[in-house]
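**Student:** Structure file my_file_13.txt (compact mmCIF, C-alpha atoms) is given on the next line.
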# COMPACT_ATOMS: atom_id res chain seq x y z
CA THR A 1 28.33 -11.53 -106.76
CA ILE A 2 27.52 -9.18 -103.88
CA GLN A 3 23.82 -9.39 -104.78
CA GLU A 4 23.91 -13.19 -104.64
CA TYR A 5 25.74 -13.12 -101.32
CA ILE A 6 23.13 -10.77 -99.86
CA ARG A 7 20.32 -12.93 -101.29
CA GLN A 8 21.76 -16.06 -99.64
CA GLY A 9 22.43 -14.17 -96.44
CA ARG A 10 18.88 -12.80 -96.47
CA ALA A 11 17.49 -16.33 -96.68
CA TYR A 12 19.60 -17.35 -93.68
CA TYR A 13 18.69 -14.27 -91.66
CA ASN A 14 15.02 -14.59 -92.57
CA SER A 15 15.04 -18.09 -91.10
CA GLU A 16 16.72 -16.85 -87.93
CA PHE A 17 14.48 -13.78 -87.68
CA ASN A 18 11.28 -15.72 -88.19
CA GLU A 19 12.23 -18.15 -85.45
CA MET A 20 13.13 -15.33 -83.06
CA LEU A 21 10.05 -13.26 -83.89
CA GLN A 22 7.83 -16.30 -83.47
CA LEU A 23 9.22 -16.85 -79.98
CA TYR A 24 8.47 -13.25 -79.03
CA GLU A 25 5.04 -13.39 -80.59
CA ASN A 26 4.21 -16.52 -78.59
CA ARG A 27 5.49 -15.10 -75.33
CA TYR A 28 4.16 -11.56 -75.74
CA SER A 29 2.17 -10.37 -78.78
CA THR A 30 2.86 -8.66 -82.10
CA SER A 31 1.68 -5.35 -80.64
CA SER A 32 3.92 -5.51 -77.54
CA LYS A 33 6.95 -3.35 -76.87
CA GLU A 34 9.05 -6.50 -76.47
CA TYR A 35 8.10 -7.62 -79.98
CA ALA A 36 8.99 -4.15 -81.30
CA GLN A 37 12.41 -4.47 -79.65
CA CYS A 38 12.94 -7.84 -81.30
CA VAL A 39 12.10 -6.38 -84.72
CA MET A 40 14.62 -3.61 -84.06
CA TRP A 41 17.33 -6.12 -83.12
CA CYS A 42 16.67 -7.97 -86.36
CA ALA A 43 17.02 -4.69 -88.27
CA SER A 44 20.36 -4.05 -86.57
CA MET A 45 21.66 -7.49 -87.59
CA CYS A 46 20.61 -6.77 -91.19
CA VAL A 47 22.56 -3.50 -91.11
CA GLU A 48 25.65 -5.33 -89.87
CA ALA A 49 25.20 -7.92 -92.64
CA GLY A 50 24.85 -5.19 -95.28
CA ASP A 51 21.25 -6.05 -96.10
CA ASN A 52 20.09 -2.44 -96.18
CA GLN A 53 16.78 -3.10 -97.92
CA GLN A 54 15.48 -5.49 -95.29
CA ALA A 55 16.95 -3.37 -92.48
CA LYS A 56 14.97 -0.38 -93.70
CA GLN A 57 11.73 -2.39 -93.75
CA LEU A 58 12.29 -3.82 -90.27
CA LEU A 59 13.19 -0.43 -88.81
CA ALA A 60 10.02 1.10 -90.24
CA LYS A 61 8.02 -1.76 -88.73
CA SER A 62 9.62 -1.37 -85.30
CA GLU A 63 9.08 2.39 -85.41
CA SER A 64 5.34 1.97 -86.08
CA LEU A 65 5.10 -0.57 -83.24
CA PHE A 66 6.90 1.70 -80.78
CA LYS A 67 4.49 4.52 -81.59
CA LYS A 68 1.72 2.50 -79.96
CA HIS A 69 3.48 2.66 -76.60
CA ALA A 70 4.11 6.39 -76.25
CA ASP A 71 2.96 9.84 -77.35
CA GLY A 72 5.89 9.93 -79.74
CA ILE A 73 8.01 7.13 -81.12
CA PHE A 74 9.50 6.58 -77.66
CA ASP A 75 8.78 7.85 -74.16
CA GLY A 76 11.22 8.62 -71.33
CA LYS A 77 11.27 5.01 -70.17
CA ASP A 78 12.45 3.85 -73.58
CA THR A 79 15.66 5.89 -73.80
CA ILE A 80 17.83 2.81 -74.41
CA ASP A 81 15.49 1.68 -77.18
CA GLU A 82 15.58 5.10 -78.78
CA ILE A 83 19.39 5.24 -78.62
CA PHE A 84 19.63 1.80 -80.22
CA PHE A 85 17.08 2.78 -82.87
CA LEU A 86 18.93 6.01 -83.76
CA ASP A 87 22.34 4.27 -83.85
CA THR A 88 20.94 1.59 -86.17
CA LYS A 89 19.31 4.24 -88.34
CA SER A 90 22.61 6.12 -88.51
CA LYS A 91 24.50 2.99 -89.59
CA LEU A 92 21.88 2.26 -92.23
CA GLU A 93 22.18 5.77 -93.69
CA TYR A 94 25.97 5.48 -93.63
CA ASN A 95 25.77 2.15 -95.49
CA ASN A 96 23.62 3.91 -98.09
CA GLU A 97 26.31 6.62 -98.42
CA ARG A 98 24.02 9.28 -96.97
CA ASP A 99 26.61 10.73 -94.60
CA TYR A 100 24.57 13.81 -93.78
CA MET A 101 21.55 11.80 -92.58
CA ALA A 102 23.81 9.37 -90.71
CA LEU A 103 25.28 12.34 -88.85
CA GLN A 104 21.87 13.80 -88.01
CA TYR A 105 20.61 10.56 -86.48
CA TYR A 106 23.83 10.06 -84.54
CA LYS A 107 23.72 13.60 -83.14
CA ARG A 108 20.30 12.84 -81.67
CA SER A 109 21.63 9.57 -80.23
CA HIS A 110 24.66 11.35 -78.80
CA LYS A 111 22.45 13.89 -77.01
CA LEU A 112 20.45 11.10 -75.38
CA LYS A 113 23.62 9.27 -74.31
CA LYS A 114 24.82 12.44 -72.62
CA GLN A 115 21.54 12.83 -70.73
CA TYR A 116 21.11 9.16 -69.81
CA PHE A 117 24.67 7.95 -69.10
CA GLY A 118 26.41 11.21 -68.13
CA THR A 119 29.47 12.97 -69.50
CA ASN A 120 31.94 10.79 -67.57
CA SER A 121 30.61 7.49 -68.91
CA GLU A 122 32.51 5.37 -71.39
CA VAL A 123 29.37 5.25 -73.57
CA TYR A 124 29.35 9.05 -73.90
CA LEU A 125 33.10 9.33 -74.48
CA THR A 126 33.00 6.65 -77.16
CA SER A 127 30.07 8.47 -78.73
CA LEU A 128 32.20 11.62 -79.01
CA LEU A 129 34.78 9.67 -81.01
CA GLU A 130 32.10 8.28 -83.33
CA LEU A 131 30.63 11.76 -83.84
CA SER A 132 34.11 13.00 -84.64
CA ARG A 133 34.52 10.25 -87.24
CA LEU A 134 31.22 11.09 -88.94
CA TYR A 135 32.19 14.77 -89.22
CA ALA A 136 35.53 13.73 -90.69
CA GLU A 137 33.68 11.64 -93.29
CA ARG A 138 32.09 14.91 -94.44
CA LEU A 139 35.50 16.62 -94.41
CA LYS A 140 34.40 18.84 -91.52
CA TYR A 141 37.74 18.54 -89.76
CA LYS A 142 37.37 21.47 -87.37
CA LYS A 143 34.07 20.07 -86.12
CA SER A 144 35.62 16.63 -86.02
CA SER A 145 38.53 17.94 -83.98
CA LYS A 146 36.16 19.69 -81.56
CA TYR A 147 34.29 16.51 -80.64
CA HIS A 148 37.43 14.42 -80.62
CA ASN A 149 39.22 16.73 -78.22
CA MET A 150 36.17 17.03 -75.97
CA GLY A 151 36.54 13.36 -75.12
CA TYR A 152 40.33 13.05 -75.37
CA GLU A 153 41.51 13.75 -71.83
CA ALA A 154 38.51 12.16 -70.10
CA TYR A 155 38.75 9.00 -72.19
CA VAL A 156 42.48 8.64 -71.66
CA GLU A 157 42.17 9.23 -67.92
CA LEU A 158 39.47 6.57 -67.74
CA ILE A 159 41.65 4.07 -69.60
CA LYS A 160 44.69 4.83 -67.40
CA LYS A 161 42.69 4.50 -64.19
CA GLU A 162 41.06 1.23 -65.19
CA PHE A 163 44.26 -0.19 -66.64
CA CYS A 164 46.16 0.26 -63.38
CA SER A 165 43.38 -1.05 -61.14
CA ARG A 166 42.56 -4.27 -62.99
CA SER A 167 43.91 -7.81 -63.06
CA GLU A 168 46.56 -8.86 -65.56
CA SER A 169 44.11 -10.52 -67.97
CA GLU A 170 41.60 -7.66 -67.72
CA ARG A 171 44.28 -5.15 -68.61
CA SER A 172 44.34 -6.69 -72.08
CA ILE A 173 40.66 -5.72 -72.43
CA TYR A 174 41.51 -2.10 -71.71
CA TRP A 175 44.44 -2.28 -74.09
CA ASN A 176 41.96 -3.26 -76.83
CA LYS A 177 39.76 -0.28 -75.91
CA ALA A 178 42.75 2.04 -75.97
CA ALA A 179 43.88 0.60 -79.31
CA LYS A 180 40.47 1.35 -80.80
CA TYR A 181 40.76 4.98 -79.67
CA ILE A 182 44.37 5.23 -80.86
CA ASN A 183 43.50 3.91 -84.33
CA LYS A 184 40.58 6.33 -84.72
CA THR A 185 42.79 9.24 -83.70
CA ILE A 186 45.55 8.33 -86.13
CA ASP A 187 43.06 7.79 -88.96
CA LEU A 188 41.56 11.21 -88.28
CA ALA A 189 44.97 12.88 -88.30
CA HIS A 190 45.82 11.15 -91.58
CA GLU A 191 42.53 12.09 -93.23
CA SER A 192 42.84 15.74 -92.21
CA GLY A 193 46.26 15.94 -93.85
CA GLY A 194 47.73 17.98 -91.00
CA LYS A 195 45.25 20.82 -91.51
CA VAL A 196 44.19 20.83 -87.84
CA PRO A 197 47.17 20.96 -85.41
CA SER A 198 45.12 19.76 -82.43
CA ILE A 199 44.35 16.50 -84.24
CA ALA A 200 48.04 15.95 -85.02
CA SER A 201 48.87 16.58 -81.35
CA ALA A 202 46.20 14.12 -80.23
CA ALA A 203 47.53 11.48 -82.65
CA TYR A 204 51.08 11.85 -81.33
CA ASN A 205 49.84 11.61 -77.75
CA ALA A 206 47.78 8.56 -78.66
CA LEU A 207 50.88 6.84 -80.03
CA LEU A 208 52.78 7.69 -76.86
CA LEU A 209 49.92 6.23 -74.83
CA SER A 210 50.12 3.02 -76.85
CA LYS A 211 53.85 2.77 -76.15
CA GLY A 212 53.22 3.29 -72.44
CA LEU A 213 50.58 0.56 -72.35
CA LEU A 214 52.70 -1.87 -74.36
CA LEU A 215 55.72 -1.27 -72.14
CA ASN A 216 53.65 -2.21 -69.13
CA THR A 217 54.24 -5.93 -68.64
CA ALA A 218 53.69 -8.43 -65.84
CA VAL A 219 57.36 -7.87 -64.98
CA SER A 220 56.90 -4.16 -64.22
CA PHE A 221 53.90 -5.01 -62.02
CA GLU A 222 55.97 -7.60 -60.13
CA ASN A 223 58.85 -5.16 -59.72
CA TYR A 224 56.50 -2.57 -58.25
CA ILE A 225 55.10 -5.09 -55.75
CA ASN A 226 58.54 -6.35 -54.71
CA GLU A 227 59.78 -2.81 -54.16
CA SER A 228 56.63 -1.74 -52.27
CA ARG A 229 57.68 -3.48 -49.01
CA ASN A 230 54.03 -4.43 -48.63
CA GLU A 231 54.25 -7.88 -47.01
CA ARG A 232 50.69 -8.94 -47.79
CA ALA A 233 51.03 -7.92 -51.45
CA ILE A 234 54.42 -9.67 -51.78
CA GLU A 235 53.13 -12.91 -50.20
CA ASN A 236 50.15 -13.02 -52.53
CA LEU A 237 52.39 -12.35 -55.51
CA LYS A 238 54.51 -15.37 -54.51
CA LEU A 239 51.32 -17.41 -54.13
CA LYS A 240 50.18 -16.34 -57.60
CA LYS A 241 53.50 -17.47 -59.09
CA ARG A 242 53.23 -20.88 -57.43
CA LEU A 243 49.63 -21.34 -58.60
CA THR A 244 50.60 -20.27 -62.12
CA LEU A 245 53.17 -23.08 -62.25
CA LEU A 246 50.51 -25.50 -60.97
CA GLY A 247 48.17 -24.51 -63.79
CA ALA A 248 45.57 -22.54 -61.83
CA THR A 249 42.66 -21.07 -63.79
CA GLN A 250 42.73 -17.46 -64.95
CA ASN A 251 39.87 -16.61 -62.59
CA VAL A 252 41.94 -17.72 -59.61
CA LEU A 253 44.98 -15.74 -60.79
CA ASP A 254 42.82 -12.67 -61.42
CA SER A 255 41.35 -12.88 -57.93
CA LEU A 256 44.89 -12.82 -56.48
CA ASP A 257 45.67 -9.71 -58.53
CA TYR A 258 42.75 -8.01 -56.79
CA VAL A 259 43.97 -9.19 -53.39
CA ILE A 260 47.35 -7.64 -54.20
CA LEU A 261 45.78 -4.38 -55.35
CA ASP A 262 43.63 -4.33 -52.20
CA ALA A 263 46.74 -4.82 -50.05
CA LEU A 264 48.33 -1.81 -51.74
CA HIS A 265 45.19 0.25 -51.21
CA GLU A 266 45.18 -0.58 -47.48
CA LYS A 267 48.64 0.98 -47.16
CA GLY A 268 47.78 4.01 -49.26
CA GLN A 269 49.81 2.68 -52.19
CA SER A 270 48.69 2.44 -55.81
CA TYR A 271 50.19 0.87 -58.90
CA THR A 272 50.84 3.50 -61.57
CA ILE A 273 52.50 3.59 -64.99
CA PRO A 274 54.53 6.81 -65.36
CA GLN A 275 54.84 6.32 -69.14
CA LEU A 276 51.11 6.92 -69.56
CA ALA A 277 51.52 10.57 -68.57
CA ILE A 278 54.04 11.39 -71.33
CA THR A 279 52.87 13.88 -73.98
CA TRP A 280 54.38 15.29 -77.15
CA GLU A 281 55.40 18.40 -75.18
CA ASP A 282 57.57 16.19 -72.94
CA VAL A 283 59.24 14.69 -76.01
CA ARG A 284 59.84 18.18 -77.43
CA ASN A 285 61.31 19.44 -74.14
So that I can check it, write out the structure of this file as structure tokens.
**Tutor:**
Amino acid sequence: TIQEYIRQGRAYYNSEFNEMLQLYENRYSTSSKEYAQCVMWCASMCVEAGDNQQAKQLLAKSESLFKKHADGIFDGKDTIDEIFFLDTKSKLEYNNERDYMALQYYKRSHKLKKQYFGTNSEVYLTSLLELSRLYAERLKYKKSSKYHNMGYEAYVELIKKEFCSRSESERSIYWNKAAKYINKTIDLAHESGGKVPSIASAAYNALLLSKGLLLNTAVSFENYINESRNERAIENLKLKKRLTLLGATQNVLDSLDYVILDALHEKGQSYTIPQLAITWEDVRN
């Protein structure tokens, strides 16, 4: 049963937690901020494992410990701790099907992310998507659309920029990030049942973005280099091909990708993917 699974999991986690907490207690003390952080990390792992009861106890313990190190629960130097605490609290409330409380904690976390990381950071833009999801859970689709669209263009531009300025293997990392955004957007459009046109538009654009990223292959990158007439870039592309056949490591091949991109930059050239700029309006027209 689920209860038995949690009971067995709790025994395993308790063993892991006790070992970890003992290490922190030995190195610092049970009243230190470092120990409080460790307790909070343990709480977060419990939330991920679905052990809400123990997570709640550990979070309460970490909160009381943090209070000893500031006028409030946290001070200005502990912004990262506070963000982590609020995110964990939000997940715990969501697990307990208390969507309203989950949203309240996440709104506070989102505000801190904006102040600490800035509005152009990936952390903030991802936070907008999560806030959008939580509003959608409460069927607040207009609010959900507002936060989703606030991060839409900035997030997509970030992905496009990074995708075109990274090595071949690293581009797969950004594809995974884009896929996460695309899936959230499509889910939101589906859940709203077409009630909010801006969400439907964003979902269509997200699908077009996915097509553009998938169409981008090593072949299109090679074609661009060969047609660039950039001798340094072309020579390093040939070297990369030879080393690939000789079984060079991915790190070596990635470093050559950066040499190629640097050669393009020197000549005022840049690798771009035109398909990434296509929108639903272009399809309509």
**Student:** Taking only residues of stretch 56-131 of chain A that have an atom at most 10 Å from an atom of stretch 153-157 of chain A, what is each one's shortest atom pair and its distance in Å to one decimal, using all atoms listed in the file, in chain and number order, as CSV?
**Tutor:**
residue,atom,partner,partner_atom,distance
A:Thr119,CA,A:Ala154,CA,9.1
A:Asn120,CA,A:Ala154,CA,7.2
A:Ser121,CA,A:Tyr155,CA,8.9
A:Glu122,CA,A:Tyr155,CA,7.3
A:Tyr124,CA,A:Tyr155,CA,9.6
A:Leu125,CA,A:Tyr155,CA,6.1
A:Thr126,CA,A:Tyr155,CA,8.0
A:Leu128,CA,A:Tyr155,CA,9.8
A:Leu129,CA,A:Tyr155,CA,9.7
**Student:** So what do you get for atom CA of A:Leu158 versus atom CA of A:Tyr271, distance-wise?
**Tutor:**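 Going from atom CA of A:Leu158 over to atom CA of A:Tyr271 covers 15.0 Å.
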**Student:** Can you pull out every residue within 10 Å of stretch 138-140 of chain A, counting only C-alpha atoms, but drop anything in the same chain fewer than 4 positions away, and send it as a list in words?
**Tutor:**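 Residues near the query, excluding close chain neighbours: Asp99, Tyr100, Leu103, Ser132, Arg133, Leu134, Ser144, Ser145, Glu191 and Ser192 of chain A.
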**Student:** With all atoms listed in the file as the atoms that count, which of A:Leu86, A:Ala233, A:Cys46, A:Ala277 lies nearest to A:Asp257?
**Tutor:**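 So, comparing all the options, the nearest one is A:Ala233.
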**Student:** Which polymer residues have any atom within 10 Å of an atom of A:Leu264, counting all atoms listed in the file, with same-chain residues fewer than 4 positions away left out, as a list in words?
**Tutor:**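 The contact residues come out as Ile225, Ser228, Arg229, Asn230, Glu231, Arg232, Ala233, Ile234, Tyr258, Val259, Ile260, Gly268, Gln269, Ser270 and Tyr271 of chain A.
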**Student:** Listing only residues of stretch 80-124 of chain A within 12 Å of stretch 21-44 of chain A, what is the closest atom pair and its distance in Å (to one decimal) for each, using only C-alpha atoms, sorted by chain and residue number ascending, as CSV?
**Tutor:**
residue,atom,partner,partner_atom,distance
A:Ile80,CA,A:Gln37,CA,10.5
A:Asp81,CA,A:Gln37,CA,7.3
A:Glu82,CA,A:Gln37,CA,10.1
A:Ile83,CA,A:Met40,CA,11.4
A:Phe84,CA,A:Met40,CA,8.3
A:Phe85,CA,A:Met40,CA,6.9
A:Leu86,CA,A:Ser44,CA,10.5
A:Asp87,CA,A:Ser44,CA,9.0
A:Thr88,CA,A:Ser44,CA,5.7
A:Lys89,CA,A:Ser44,CA,8.5
A:Ser90,CA,A:Ser44,CA,10.6
A:Lys91,CA,A:Ser44,CA,8.7
A:Leu92,CA,A:Ser44,CA,8.6
**Student:** In Å, rounded to a single decimal, give me how far atom CA of A:Leu256 is from atom CA of A:Glu170.
**Tutor:** 12.8 Å
**Student:** Please provide the set of residues having any atom within 12 Å of A:Asp282, restricted to all atoms listed in the file, with same-chain residues fewer than 5 positions apart removed, written as a list in words.
**Tutor:**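 Near A:Asp282, the qualifying residues are Tyr204, Asn205, Leu208, Gln275, Leu276 and Ala277 of chain A.
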**Student:** A:Leu209, A:Leu131, A:Met150, A:Ala136: which is nearest A:Val196, counting all atoms listed in the file?
**Tutor:** A:Ala136
**Student:** Take atom CA of A:Ala200 and atom CA of A:Val123 and report the distance between them in Å, one decimal.
**Tutor:**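 We find that atom CA of A:Ala200 and atom CA of A:Val123 lie 24.4 Å from each other.
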**Student:** May I ask which of the residues A:Leu261, A:Val283, A:Val47, A:Ala202 is the closest one to A:Glu222, counting only C-alpha atoms?
**Tutor:**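 Among A:Leu261, A:Val283, A:Val47, A:Ala202, it is A:Leu261 that comes nearest to A:Glu222.
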**Student:** Nearest to A:His190: which of A:Lys56, A:Ala203, A:Ser64, A:Lys238 is it, counting only C-alpha atoms?
**Tutor:** A:Ala203
**Student:** Select, from A:Lys195, A:Lys211, A:Lys143, A:Arg108, the residue with the minimum atom-to-atom distance to A:Ala179, counting only C-alpha atoms.
**Tutor:**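 The closest residue to A:Ala179 is A:Lys211.
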**Student:** Of the candidates A:Leu58, A:Val219, A:Glu130, A:Arg284, which shows the shortest atom-to-atom distance to A:Ala102, using only C-alpha atoms?
**Tutor:**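 Looking at the shortest contact to A:Ala102, the residue is A:Glu130.
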